[in-house]
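The structure appears below as structure tokens.
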Number of protein chains: 2
Amino acid sequence: MTMLPTRAGTKGMPRAERERQVLAAATEEFGRRGYEATTMATVAARVGVTKPLLHQYFGSKQDLFLGCLEPVGDRLLKAVRTAMADHDNGAPPTPLRVLRALFDALDGQREAWFVLYDPSLPPGSEAAHRAAHYRDAIDELAATGTADLLHSTGSDDPLDADALKYAWRGLCTTLVRWWIEHPDQTPEAMAGRCARIFAIARAVDPG
Amino acid sequence: MTMLPTRAGTKGMPRAERERQVLAAATEEFGRRGYEATTMATVAARVGVTKPLLHQYFGSKQDLFLGCLEPVGDRLLKAVRTAMADHDNGAPPTPLRVLRALFDALDGQREAWFVLYDPSLPPGSEAAHRAAHYRDAIDELAATGTADLLHSTGSDDPLDADALKYAWRGLCTTLVRWWIEHPDQTPEAMAGRCARIFAIARAVDPG
DNA sequence: CGATGAACTTACCAGTCAGTAAATTACCCT
DNA sequence: AGGGTAATTTACTGACTGGTAAGTTCATCG
């Protein structure tokens, strides 16, 4: 009676494997086109399947999105957390360590970043709230990293802190987008490029 | 016979004035929600009018968008051009002058920025091409501004230059988005905040 | 073989949106 | 008054999309 992988009457592919396929395709599609522009039919077509199957497996379009969001959010959050943690002497400065961690976490599925940072999520929806939750968690980590920086420059304006957090988030997003447009670049190459760009930025206003 | 402002048989409002109203409402709506999420009916409703009038006056949805894009693109391009030009001694460094010019040009209609930087334009469409044209024109100005900076740090990698251009464009977009979420901030206050944030960024990696 | 049940599809409904055709309103001029 | 015309609306079509109901295929097991 121990027929747990019973597989009685199976046409096509086992459900678990198909679900993985769908999640991978949906993550890429949601990330590339955004939630609103992504249709269930195109996601289904990418996997060689029809729309009703997606609804049977995942429920609504928003449920499918949530199924993509959770693993991506967890992966990125964990990556940033560990990157912020190991700061032994001789390591690159924190921002560069975080970027390197993001590039490593996103390698092989770079569009996943925009599943978290999708501006076309229905406002007020569960999906929007959950995505915002992940973004805020990552932001808070960044905020602890910049708090001392703010004090060192004498600024204690909370709006400055908020804008800085926002700018950092936007910079990461921009760099990932550039990376997506240059598929041949390795995470390591990206990290090096970011270091050089930071150096250039520091050279502004030499007077 | 010189009855140029003839206004024979006019119900409601003269066409030119209505068109200005529609363009203002559409610019805000396109900028805020993006092209795809904006519907002709909601734009019409904002002006207290119905959808067919918009089609009669402007043609298709894309034509209406182009009608919004052109003045905004011209205004921003001109603002950046003049900001890059007047570099007398004692003035703030170029990036800050450009930002200040952008904030001034966008004051009163901040969402207009995202008419140029709308990611939801139908790929390959006339609208997408024209928007890209304006973006590229602005980018090229920024590129001439950063060319010497790149050489001064010894980097002659063209990919570095491209990534820097891209990062700068993204940073501007991010700052405008933050500004939109803080409506009480004046352009001057924003410029000052950006200067402080730049100073903070320069303080990274003091080792 | 023949039944079972998971994998999957065809055919459909309901809602939304861009776009159009045909009227209708209301101001102006004679 | 009443004809002309710009401004505007009502009523509609067609395409597309999220979602559902009911059926069909087919490997396995008895």
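Here, A, B, ... name the chains of the structure tokens in the order displayed, residue numbers run from 1 inside each chain, and ligands are numbered from 1 in the same displayed order.
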
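By only C-alpha atoms (C1' of nucleotides), and with residues fewer than 6 positions from Ala163 of chain B along its chain excluded, the set lying at most 9 Å from it is A:Leu175, A:Trp178, A:Trp179, A:Arg193, A:Cys194, A:Ile197.
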
**Message:** I'd like the neighbourhood of DC16 of chain D as a list of chain:residue names, where a residue qualifies if any of its atoms comes within 10 Å (using only C-alpha atoms (C1' of nucleotides)), though same-chain residues fewer than 2 positions away should be ignored.
**Reply:** C:DT16, C:DC17, D:DG14

**Request:** For segment 74-91 of chain A, please output as a ChimeraX atom specification all residues within 9 Å (counting only C-alpha atoms (C1' of nucleotides); exclusion window: fewer than 4 positions along the same chain).
**Result:** /A:69-70,95,97-102,104-106,113,134-135,137-138,141-142,145

Please produce a file of those selected residues containing N, CA, C and O atoms, as a PDB file, in the first residue's frame.
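Output file part.pdb is given in full below:
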```
ATOM      1  N   LEU A  69       6.163  35.418  -6.508  1.00  0.00           N
ATOM      2  CA  LEU A  69       6.747  36.441  -5.632  1.00  0.00           C
ATOM      3  C   LEU A  69       7.467  35.833  -4.432  1.00  0.00           C
ATOM      4  O   LEU A  69       8.578  36.253  -4.103  1.00  0.00           O
ATOM      5  N   GLU A  70       6.835  34.862  -3.792  1.00  0.00           N
ATOM      6  CA  GLU A  70       7.366  34.385  -2.514  1.00  0.00           C
ATOM      7  C   GLU A  70       8.792  33.868  -2.615  1.00  0.00           C
ATOM      8  O   GLU A  70       9.678  34.363  -1.907  1.00  0.00           O
ATOM      9  N   PRO A  95      27.790  48.704   0.222  1.00  0.00           N
ATOM     10  CA  PRO A  95      26.949  48.794  -0.971  1.00  0.00           C
ATOM     11  C   PRO A  95      27.396  47.856  -2.079  1.00  0.00           C
ATOM     12  O   PRO A  95      26.572  47.197  -2.718  1.00  0.00           O
ATOM     13  N   ARG A  97      29.100  45.086  -1.667  1.00  0.00           N
ATOM     14  CA  ARG A  97      28.832  43.700  -1.257  1.00  0.00           C
ATOM     15  C   ARG A  97      27.377  43.351  -1.519  1.00  0.00           C
ATOM     16  O   ARG A  97      27.047  42.264  -1.989  1.00  0.00           O
ATOM     17  N   VAL A  98      26.480  44.299  -1.216  1.00  0.00           N
ATOM     18  CA  VAL A  98      25.056  44.039  -1.443  1.00  0.00           C
ATOM     19  C   VAL A  98      24.786  43.843  -2.934  1.00  0.00           C
ATOM     20  O   VAL A  98      24.086  42.903  -3.341  1.00  0.00           O
ATOM     21  N   LEU A  99      25.344  44.715  -3.761  1.00  0.00           N
ATOM     22  CA  LEU A  99      25.125  44.573  -5.203  1.00  0.00           C
ATOM     23  C   LEU A  99      25.631  43.224  -5.702  1.00  0.00           C
ATOM     24  O   LEU A  99      24.935  42.528  -6.455  1.00  0.00           O
ATOM     25  N   ARG A 100      26.827  42.840  -5.236  1.00  0.00           N
ATOM     26  CA  ARG A 100      27.377  41.552  -5.664  1.00  0.00           C
ATOM     27  C   ARG A 100      26.430  40.424  -5.278  1.00  0.00           C
ATOM     28  O   ARG A 100      26.161  39.504  -6.059  1.00  0.00           O
ATOM     29  N   ALA A 101      25.884  40.509  -4.054  1.00  0.00           N
ATOM     30  CA  ALA A 101      24.959  39.471  -3.592  1.00  0.00           C
ATOM     31  C   ALA A 101      23.708  39.433  -4.460  1.00  0.00           C
ATOM     32  O   ALA A 101      23.196  38.360  -4.802  1.00  0.00           O
ATOM     33  N   LEU A 102      23.203  40.611  -4.825  1.00  0.00           N
ATOM     34  CA  LEU A 102      22.006  40.656  -5.675  1.00  0.00           C
ATOM     35  C   LEU A 102      22.286  40.034  -7.035  1.00  0.00           C
ATOM     36  O   LEU A 102      21.501  39.229  -7.541  1.00  0.00           O
ATOM     37  N   ASP A 104      24.498  37.849  -7.810  1.00  0.00           N
ATOM     38  CA  ASP A 104      24.615  36.394  -7.673  1.00  0.00           C
ATOM     39  C   ASP A 104      23.237  35.754  -7.508  1.00  0.00           C
ATOM     40  O   ASP A 104      22.932  34.736  -8.126  1.00  0.00           O
ATOM     41  N   ALA A 105      22.397  36.373  -6.690  1.00  0.00           N
ATOM     42  CA  ALA A 105      21.077  35.777  -6.422  1.00  0.00           C
ATOM     43  C   ALA A 105      20.200  35.808  -7.667  1.00  0.00           C
ATOM     44  O   ALA A 105      19.317  34.961  -7.820  1.00  0.00           O
ATOM     45  N   LEU A 106      20.427  36.786  -8.534  1.00  0.00           N
ATOM     46  CA  LEU A 106      19.562  36.944  -9.708  1.00  0.00           C
ATOM     47  C   LEU A 106      20.110  36.238 -10.943  1.00  0.00           C
ATOM     48  O   LEU A 106      19.422  36.163 -11.965  1.00  0.00           O
ATOM     49  N   TRP A 113      13.942  40.275 -10.366  1.00  0.00           N
ATOM     50  CA  TRP A 113      13.985  41.508  -9.570  1.00  0.00           C
ATOM     51  C   TRP A 113      12.700  42.314  -9.733  1.00  0.00           C
ATOM     52  O   TRP A 113      12.163  42.857  -8.774  1.00  0.00           O
ATOM     53  N   TYR A 134       8.155  42.849   0.986  1.00  0.00           N
ATOM     54  CA  TYR A 134       9.529  42.431   0.686  1.00  0.00           C
ATOM     55  C   TYR A 134      10.417  43.646   0.424  1.00  0.00           C
ATOM     56  O   TYR A 134      11.537  43.736   0.916  1.00  0.00           O
ATOM     57  N   ARG A 135       9.909  44.598  -0.367  1.00  0.00           N
ATOM     58  CA  ARG A 135      10.717  45.791  -0.658  1.00  0.00           C
ATOM     59  C   ARG A 135      11.083  46.522   0.629  1.00  0.00           C
ATOM     60  O   ARG A 135      12.233  46.927   0.833  1.00  0.00           O
ATOM     61  N   ALA A 137      11.272  45.315   3.645  1.00  0.00           N
ATOM     62  CA  ALA A 137      12.221  44.545   4.447  1.00  0.00           C
ATOM     63  C   ALA A 137      13.639  44.775   3.942  1.00  0.00           C
ATOM     64  O   ALA A 137      14.573  44.973   4.728  1.00  0.00           O
ATOM     65  N   ILE A 138      13.807  44.769   2.615  1.00  0.00           N
ATOM     66  CA  ILE A 138      15.134  45.011   2.044  1.00  0.00           C
ATOM     67  C   ILE A 138      15.569  46.446   2.328  1.00  0.00           C
ATOM     68  O   ILE A 138      16.719  46.709   2.698  1.00  0.00           O
ATOM     69  N   LEU A 141      16.967  46.973   5.818  1.00  0.00           N
ATOM     70  CA  LEU A 141      18.356  46.545   5.926  1.00  0.00           C
ATOM     71  C   LEU A 141      19.275  47.641   5.409  1.00  0.00           C
ATOM     72  O   LEU A 141      20.268  47.999   6.051  1.00  0.00           O
ATOM     73  N   ALA A 142      18.946  48.184   4.254  1.00  0.00           N
ATOM     74  CA  ALA A 142      19.771  49.243   3.695  1.00  0.00           C
ATOM     75  C   ALA A 142      19.803  50.451   4.617  1.00  0.00           C
ATOM     76  O   ALA A 142      20.833  51.105   4.762  1.00  0.00           O
ATOM     77  N   GLY A 145      22.247  50.236   7.250  1.00  0.00           N
ATOM     78  CA  GLY A 145      23.578  50.404   6.704  1.00  0.00           C
ATOM     79  C   GLY A 145      23.927  51.852   6.444  1.00  0.00           C
ATOM     80  O   GLY A 145      25.099  52.239   6.517  1.00  0.00           O
TER      81      GLY A 145
END
```

Select residues of chain A: the criterion is any atom within 9 Å of an atom of chain B, counting only C-alpha atoms; output as a short mmCIF file (atom, residue, chain, number, x, y, z; two decimals) with N, CA, C and O atoms, in the first residue's frame.
```cif
data_model
loop_
_atom_site.label_atom_id
_atom_site.label_comp_id
_atom_site.auth_asym_id
_atom_site.auth_seq_id
_atom_site.Cartn_x
_atom_site.Cartn_y
_atom_site.Cartn_z
N ARG A 33 7.47 41.87 -18.61
CA ARG A 33 6.39 42.72 -19.13
C ARG A 33 5.61 43.43 -18.03
O ARG A 33 4.85 44.35 -18.34
N GLY A 34 5.74 42.99 -16.80
CA GLY A 34 4.92 43.55 -15.73
C GLY A 34 3.62 42.78 -15.57
O GLY A 34 3.17 42.10 -16.49
N GLU A 36 0.46 43.66 -15.30
CA GLU A 36 -0.72 44.01 -16.09
C GLU A 36 -0.60 43.54 -17.53
O GLU A 36 -1.57 43.06 -18.12
N ALA A 37 0.58 43.68 -18.09
CA ALA A 37 0.76 43.34 -19.51
C ALA A 37 0.92 41.84 -19.71
O ALA A 37 0.94 41.38 -20.85
N PRO A 92 34.97 44.44 0.40
CA PRO A 92 34.50 45.67 -0.26
C PRO A 92 33.48 46.37 0.63
O PRO A 92 32.88 45.75 1.51
N PRO A 93 33.28 47.67 0.40
CA PRO A 93 32.29 48.39 1.21
C PRO A 93 30.90 47.79 1.03
O PRO A 93 30.61 47.15 0.02
N THR A 94 30.06 48.03 2.03
CA THR A 94 28.75 47.38 2.08
C THR A 94 27.93 47.52 0.79
O THR A 94 27.41 46.51 0.30
N PRO A 95 27.79 48.70 0.22
CA PRO A 95 26.95 48.79 -0.97
C PRO A 95 27.40 47.86 -2.08
O PRO A 95 26.57 47.20 -2.72
N PRO A 119 5.66 48.08 -10.95
CA PRO A 119 4.79 49.23 -10.66
C PRO A 119 3.35 49.02 -11.15
O PRO A 119 2.50 49.84 -10.85
N SER A 120 3.09 47.94 -11.89
CA SER A 120 1.76 47.77 -12.47
C SER A 120 0.87 46.83 -11.67
O SER A 120 -0.16 46.41 -12.17
N LEU A 149 26.24 56.52 8.13
CA LEU A 149 26.71 57.39 7.06
C LEU A 149 26.05 58.77 7.16
O LEU A 149 26.70 59.81 7.03
N LEU A 150 24.75 58.76 7.42
CA LEU A 150 24.02 60.01 7.53
C LEU A 150 24.57 60.85 8.68
O LEU A 150 24.82 62.05 8.53
N SER A 152 27.46 60.72 9.98
CA SER A 152 28.84 61.15 9.76
C SER A 152 28.90 62.42 8.92
O SER A 152 29.86 63.17 9.02
N THR A 153 27.90 62.65 8.10
CA THR A 153 27.90 63.88 7.30
C THR A 153 27.11 64.99 7.97
O THR A 153 26.90 66.05 7.37
N SER A 155 24.00 65.24 8.67
CA SER A 155 22.57 65.38 8.34
C SER A 155 21.73 64.49 9.24
O SER A 155 21.98 63.31 9.38
N LEU A 159 13.88 63.21 6.09
CA LEU A 159 13.56 63.17 4.65
C LEU A 159 14.80 62.85 3.83
O LEU A 159 14.71 62.15 2.81
N ASP A 160 15.95 63.36 4.26
CA ASP A 160 17.19 62.99 3.58
C ASP A 160 17.37 61.48 3.64
O ASP A 160 17.73 60.84 2.65
N ALA A 161 17.15 60.91 4.82
CA ALA A 161 17.32 59.47 4.98
C ALA A 161 16.37 58.72 4.06
O ALA A 161 16.75 57.75 3.40
N ASP A 162 15.14 59.18 4.02
CA ASP A 162 14.15 58.52 3.16
C ASP A 162 14.53 58.61 1.70
O ASP A 162 14.47 57.63 0.95
N ALA A 163 14.94 59.80 1.27
CA ALA A 163 15.32 59.98 -0.13
C ALA A 163 16.53 59.12 -0.48
O ALA A 163 16.60 58.55 -1.58
N LEU A 164 17.47 59.03 0.46
CA LEU A 164 18.66 58.22 0.20
C LEU A 164 18.29 56.75 0.03
O LEU A 164 18.76 56.07 -0.89
N TYR A 166 15.47 55.61 -0.93
CA TYR A 166 14.75 55.54 -2.20
C TYR A 166 15.72 55.55 -3.38
O TYR A 166 15.57 54.79 -4.34
N ALA A 167 16.71 56.42 -3.29
CA ALA A 167 17.68 56.52 -4.39
C ALA A 167 18.48 55.24 -4.51
O ALA A 167 18.75 54.76 -5.62
N TRP A 168 18.83 54.66 -3.40
CA TRP A 168 19.60 53.41 -3.42
C TRP A 168 18.78 52.30 -4.06
O TRP A 168 19.25 51.56 -4.93
N ARG A 169 17.54 52.21 -3.66
CA ARG A 169 16.64 51.22 -4.25
C ARG A 169 16.55 51.42 -5.77
O ARG A 169 16.64 50.46 -6.54
N GLY A 170 16.39 52.66 -6.17
CA GLY A 170 16.27 52.95 -7.60
C GLY A 170 17.55 52.64 -8.35
O GLY A 170 17.52 52.15 -9.48
N LEU A 171 18.68 52.88 -7.70
CA LEU A 171 19.96 52.60 -8.35
C LEU A 171 20.12 51.10 -8.58
O LEU A 171 20.54 50.67 -9.66
N THR A 173 17.75 48.94 -8.94
CA THR A 173 16.81 48.58 -10.01
C THR A 173 17.39 48.96 -11.38
O THR A 173 17.33 48.17 -12.33
N THR A 174 17.96 50.15 -11.46
CA THR A 174 18.53 50.60 -12.72
C THR A 174 19.67 49.70 -13.16
O THR A 174 19.78 49.32 -14.33
N LEU A 175 20.54 49.33 -12.21
CA LEU A 175 21.68 48.50 -12.57
C LEU A 175 21.24 47.12 -13.02
O LEU A 175 21.80 46.55 -13.98
N TRP A 178 20.03 47.46 -16.55
CA TRP A 178 21.15 47.50 -17.49
C TRP A 178 21.72 46.11 -17.70
O TRP A 178 22.04 45.71 -18.83
N TRP A 179 21.84 45.37 -16.62
CA TRP A 179 22.38 44.01 -16.69
C TRP A 179 21.53 43.14 -17.61
O TRP A 179 22.04 42.35 -18.41
N ARG A 193 32.20 46.48 -12.43
CA ARG A 193 31.75 47.69 -13.12
C ARG A 193 31.12 48.67 -12.14
O ARG A 193 31.33 49.89 -12.22
N CYS A 194 30.34 48.14 -11.21
CA CYS A 194 29.71 49.02 -10.23
C CYS A 194 30.76 49.72 -9.39
O CYS A 194 30.63 50.91 -9.07
N ARG A 196 33.74 50.56 -10.29
CA ARG A 196 34.33 51.64 -11.10
C ARG A 196 33.36 52.82 -11.22
O ARG A 196 33.77 53.99 -11.13
N ILE A 197 32.09 52.51 -11.40
CA ILE A 197 31.11 53.60 -11.52
C ILE A 197 31.05 54.41 -10.24
O ILE A 197 30.96 55.64 -10.26
N PHE A 198 31.12 53.72 -9.09
CA PHE A 198 31.13 54.44 -7.82
C PHE A 198 32.33 55.37 -7.75
O PHE A 198 32.23 56.52 -7.29
N ALA A 199 33.46 54.87 -8.22
CA ALA A 199 34.67 55.69 -8.18
C ALA A 199 34.48 56.93 -9.05
O ALA A 199 34.87 58.04 -8.67
N ILE A 200 33.86 56.74 -10.21
CA ILE A 200 33.62 57.89 -11.10
C ILE A 200 32.72 58.90 -10.41
O ILE A 200 32.97 60.11 -10.43
N ALA A 201 31.66 58.39 -9.78
CA ALA A 201 30.72 59.30 -9.13
C ALA A 201 31.42 60.11 -8.04
O ALA A 201 31.08 61.27 -7.80
N ARG A 202 32.40 59.48 -7.36
CA ARG A 202 33.10 60.19 -6.30
C ARG A 202 33.97 61.31 -6.86
O ARG A 202 34.33 62.25 -6.15
N ALA A 203 34.29 61.18 -8.16
CA ALA A 203 35.16 62.19 -8.76
C ALA A 203 34.39 63.44 -9.19
O ALA A 203 34.99 64.40 -9.64
N VAL A 204 33.07 63.43 -9.06
CA VAL A 204 32.28 64.61 -9.43
C VAL A 204 32.63 65.77 -8.51
O VAL A 204 32.90 65.57 -7.32
N ASP A 205 32.61 66.97 -9.07
CA ASP A 205 32.88 68.18 -8.29
C ASP A 205 34.23 68.11 -7.60
O ASP A 205 34.30 68.07 -6.36
N PRO A 206 35.27 68.14 -8.36
CA PRO A 206 36.59 68.08 -7.72
C PRO A 206 36.99 69.41 -7.10
O PRO A 206 38.01 69.49 -6.43
N GLY A 207 36.20 70.44 -7.33
CA GLY A 207 36.56 71.76 -6.79
C GLY A 207 36.22 71.88 -5.33
O GLY A 207 35.11 71.72 -4.94
#
```

**Request:** Give me the residues within 9 Å of DT9 of chain D as a ChimeraX atom specification, counting only C-alpha atoms (C1' of nucleotides) and dropping any in the same chain fewer than 2 places off.
**Result:** /B:50,52-53 /C:23-25

Would you list which chain B residues are within 12 Å of chain C using only C-alpha atoms (C1' of nucleotides), as a CSV table (one decimal) with C-alpha atoms, in the first residue's frame?
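After the write, selection_39.csv holds the following:
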```csv
chain,number,residue,atom,x,y,z
B,3,MET,CA,-14.3,87.4,-38.6
B,5,PRO,CA,-12.5,84.3,-34.3
B,6,THR,CA,-15.8,83.4,-36.0
B,7,ARG,CA,-17.1,81.0,-33.3
B,8,ALA,CA,-20.2,80.2,-35.4
B,9,GLY,CA,-22.3,77.6,-33.6
B,10,THR,CA,-20.3,76.7,-30.6
B,11,LYS,CA,-21.6,74.6,-27.8
B,12,GLY,CA,-19.6,74.3,-24.6
B,13,MET,CA,-16.0,75.3,-25.0
B,14,PRO,CA,-13.8,76.4,-27.9
B,36,GLU,CA,-1.2,50.9,-20.9
B,37,ALA,CA,-3.1,51.5,-17.7
B,38,THR,CA,-4.6,54.8,-18.9
B,39,THR,CA,-8.0,54.6,-20.6
B,40,MET,CA,-9.4,57.2,-22.9
B,41,ALA,CA,-12.6,57.2,-20.9
B,42,THR,CA,-10.9,58.2,-17.6
B,51,LYS,CA,-14.5,59.4,-25.0
B,52,PRO,CA,-15.5,60.0,-28.6
B,53,LEU,CA,-14.6,63.7,-28.3
B,54,LEU,CA,-11.0,62.7,-27.6
B,55,HIS,CA,-10.9,60.5,-30.7
B,56,GLN,CA,-12.4,63.3,-32.8
B,59,GLY,CA,-7.3,60.5,-33.3
B,60,SER,CA,-6.1,57.3,-31.7
B,61,LYS,CA,-4.9,56.8,-28.1
B,62,GLN,CA,-1.4,56.8,-29.4
```

**Request:** Output the contact residues of chain D with respect to chain A at a cut-off of 9 Å, based on only C-alpha atoms (C1' of nucleotides), as JSON, numbers by chain.
**Result:** {"D": [17, 18, 19, 20, 25, 26, 27, 28, 29]}
